[in-house]
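See below for the structure under consideration.
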Amino acid sequence: MDTALPTDLDPLRCPLCGQSNQCAISAGLAPESCWCMTANIAAAALAAIPEAQRRQACLCPRCAAGQFPGAGEK
């Protein structure tokens, strides 16, 4: 079974949940109009992004707030 991560990640989808990341920059809008410019991003959310997917797509607001799949599991 091949467990490799895809190399063609969708920059408009959150790498943690797969939903729209609502990224203004990826949509071609001004960076200052993006929700993330004023958001507090949970360190746990950033740490949960698989290494190969980092800096490939933005988190969605919900996952960035720490409400991502698997959050709180030990």
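Identifiers in this document derive from the order of the structure tokens: chains are assigned A, B, ..., residues are numbered from 1 separately in each chain, and ligands are numbered from 1 in order of occurrence.
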| message | Can you pull out the residues contacting Gln56 of chain A? Cut-off 10 Å, using only C-alpha atoms, and skip same-chain residues under 4 positions away; I want them as number ranges by chain. | response | A: 7-15, 52
* To do: Please run DSSP on the backbone and report, as an NGL selection string, all residues within chain A that come out as helix (DSSP H, G or I).
  => :A and (31-33 or 35-38 or 43-48 or 51-53 or 61-64)
May I have the selected residues written with all heavy atoms, as a compact mmCIF listing (two decimals), in the first residue's frame?
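File produced: part.txt:
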# COMPACT_ATOMS: atom_id res chain seq x y z
N PRO A 31 -2.77 40.63 0.48
CA PRO A 31 -2.43 39.89 1.70
C PRO A 31 -3.10 40.47 2.95
O PRO A 31 -3.54 39.71 3.81
CB PRO A 31 -0.91 40.02 1.78
CG PRO A 31 -0.48 40.21 0.38
CD PRO A 31 -1.57 41.02 -0.27
N GLU A 32 -3.17 41.78 3.06
CA GLU A 32 -3.76 42.39 4.26
C GLU A 32 -5.26 42.11 4.40
O GLU A 32 -5.82 42.31 5.47
CB GLU A 32 -3.48 43.90 4.32
CG GLU A 32 -3.99 44.68 3.16
CD GLU A 32 -3.02 44.76 1.97
OE1 GLU A 32 -1.97 44.11 1.97
OE2 GLU A 32 -3.36 45.49 1.03
N SER A 33 -5.89 41.60 3.35
CA SER A 33 -7.31 41.27 3.44
C SER A 33 -7.56 39.85 3.94
O SER A 33 -8.70 39.46 4.17
CB SER A 33 -7.98 41.46 2.07
OG SER A 33 -7.53 40.49 1.15
N TRP A 35 -7.81 36.68 6.45
CA TRP A 35 -8.20 36.48 7.85
C TRP A 35 -6.99 36.18 8.73
O TRP A 35 -6.96 36.52 9.91
CB TRP A 35 -9.23 35.35 7.97
CG TRP A 35 -8.69 34.01 7.57
CD1 TRP A 35 -8.75 33.42 6.34
CD2 TRP A 35 -7.96 33.11 8.40
NE1 TRP A 35 -8.09 32.22 6.34
CE2 TRP A 35 -7.61 31.99 7.61
CE3 TRP A 35 -7.57 33.11 9.73
CZ2 TRP A 35 -6.89 30.92 8.10
CZ3 TRP A 35 -6.85 32.03 10.22
CH2 TRP A 35 -6.52 30.96 9.40
N CYS A 36 -5.98 35.54 8.16
CA CYS A 36 -4.83 35.10 8.97
C CYS A 36 -3.96 36.24 9.45
O CYS A 36 -3.17 36.06 10.39
CB CYS A 36 -4.01 34.07 8.22
SG CYS A 36 -3.07 34.75 6.84
N MET A 37 -4.06 37.39 8.84
CA MET A 37 -3.21 38.51 9.22
C MET A 37 -3.50 39.04 10.62
O MET A 37 -2.65 39.68 11.23
CB MET A 37 -3.32 39.64 8.20
CG MET A 37 -2.78 39.27 6.84
SD MET A 37 -1.01 38.87 6.94
CE MET A 37 -0.72 38.24 5.33
N THR A 38 -4.69 38.76 11.13
CA THR A 38 -5.05 39.21 12.48
C THR A 38 -5.37 38.05 13.41
O THR A 38 -5.78 38.27 14.54
CB THR A 38 -6.25 40.17 12.42
OG1 THR A 38 -7.35 39.51 11.81
CG2 THR A 38 -5.91 41.44 11.63
N ALA A 43 -0.13 26.89 17.96
CA ALA A 43 1.14 26.19 17.72
C ALA A 43 0.90 24.71 17.44
O ALA A 43 1.59 24.11 16.60
CB ALA A 43 2.07 26.36 18.91
N ALA A 44 -0.09 24.12 18.11
CA ALA A 44 -0.40 22.70 17.89
C ALA A 44 -0.87 22.45 16.47
O ALA A 44 -0.60 21.39 15.89
CB ALA A 44 -1.45 22.23 18.89
N ALA A 45 -1.59 23.41 15.89
CA ALA A 45 -2.06 23.26 14.52
C ALA A 45 -0.89 23.26 13.55
O ALA A 45 -0.81 22.42 12.64
CB ALA A 45 -3.05 24.37 14.17
N LEU A 46 0.04 24.18 13.74
CA LEU A 46 1.22 24.23 12.88
C LEU A 46 2.03 22.94 13.02
O LEU A 46 2.51 22.40 12.03
CB LEU A 46 2.07 25.44 13.22
CG LEU A 46 1.44 26.80 12.89
CD1 LEU A 46 2.34 27.92 13.40
CD2 LEU A 46 1.17 26.94 11.41
N ALA A 47 2.17 22.46 14.23
CA ALA A 47 2.94 21.24 14.47
C ALA A 47 2.27 20.01 13.87
O ALA A 47 2.95 19.02 13.55
CB ALA A 47 3.15 21.04 15.97
N ALA A 48 0.95 20.05 13.70
CA ALA A 48 0.21 18.90 13.17
C ALA A 48 0.31 18.75 11.66
O ALA A 48 -0.02 17.70 11.11
CB ALA A 48 -1.26 19.00 13.58
N GLU A 51 5.26 17.24 7.66
CA GLU A 51 6.45 17.94 7.16
C GLU A 51 6.39 18.20 5.65
O GLU A 51 6.68 19.30 5.19
CB GLU A 51 7.70 17.13 7.51
CG GLU A 51 8.99 17.83 7.15
CD GLU A 51 9.30 19.04 8.01
OE1 GLU A 51 9.01 19.02 9.21
OE2 GLU A 51 9.84 20.02 7.47
N ALA A 52 6.00 17.20 4.88
CA ALA A 52 5.97 17.32 3.42
C ALA A 52 4.91 18.31 2.93
O ALA A 52 4.95 18.74 1.78
CB ALA A 52 5.74 15.96 2.78
N GLN A 53 3.95 18.67 3.79
CA GLN A 53 2.87 19.57 3.38
C GLN A 53 3.06 21.00 3.91
O GLN A 53 2.29 21.88 3.59
CB GLN A 53 1.53 19.02 3.85
CG GLN A 53 1.16 17.73 3.17
CD GLN A 53 -0.19 17.21 3.62
OE1 GLN A 53 -0.89 17.84 4.40
NE2 GLN A 53 -0.55 16.05 3.15
N PRO A 61 -9.49 28.77 9.03
CA PRO A 61 -9.64 29.44 10.33
C PRO A 61 -9.91 28.49 11.49
O PRO A 61 -9.37 28.67 12.58
CB PRO A 61 -10.83 30.39 10.10
CG PRO A 61 -10.82 30.67 8.64
CD PRO A 61 -10.36 29.37 8.01
N ARG A 62 -10.72 27.48 11.27
CA ARG A 62 -11.06 26.55 12.35
C ARG A 62 -9.83 25.76 12.81
O ARG A 62 -9.55 25.65 14.01
CB ARG A 62 -12.17 25.61 11.89
CG ARG A 62 -12.63 24.68 12.99
CD ARG A 62 -13.76 23.81 12.50
NE ARG A 62 -14.02 22.83 13.52
CZ ARG A 62 -15.20 22.36 13.82
NH1 ARG A 62 -16.25 22.77 13.15
NH2 ARG A 62 -15.35 21.46 14.75
N CYS A 63 -9.10 25.20 11.87
CA CYS A 63 -7.90 24.43 12.23
C CYS A 63 -6.85 25.35 12.84
O CYS A 63 -6.17 24.97 13.80
CB CYS A 63 -7.35 23.69 11.03
SG CYS A 63 -8.37 22.27 10.52
N ALA A 64 -6.70 26.54 12.31
CA ALA A 64 -5.73 27.50 12.84
C ALA A 64 -6.03 27.84 14.29
O ALA A 64 -5.12 28.08 15.09
CB ALA A 64 -5.72 28.76 12.00
What does the structure give for the distance between atom CA of Ser26 of chain A and atom CA of Arg54 of chain A, in Å to one decimal?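 The value is 15.3 Å.
For the atom pair formed by atom CA of Phe68 of chain A and atom CA of Asn40 of chain A, the distance is 14.5 Å, given to one decimal.
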Counting only C-alpha atoms, the residue among A:Cys60, A:Ile41, A:Cys34, A:Arg55 that lies closest to Gly18 of chain A is A:Cys60
re atom CA of Cys17 of chain A and atom CA of Ala65 of chain A: distance 12.7 Å
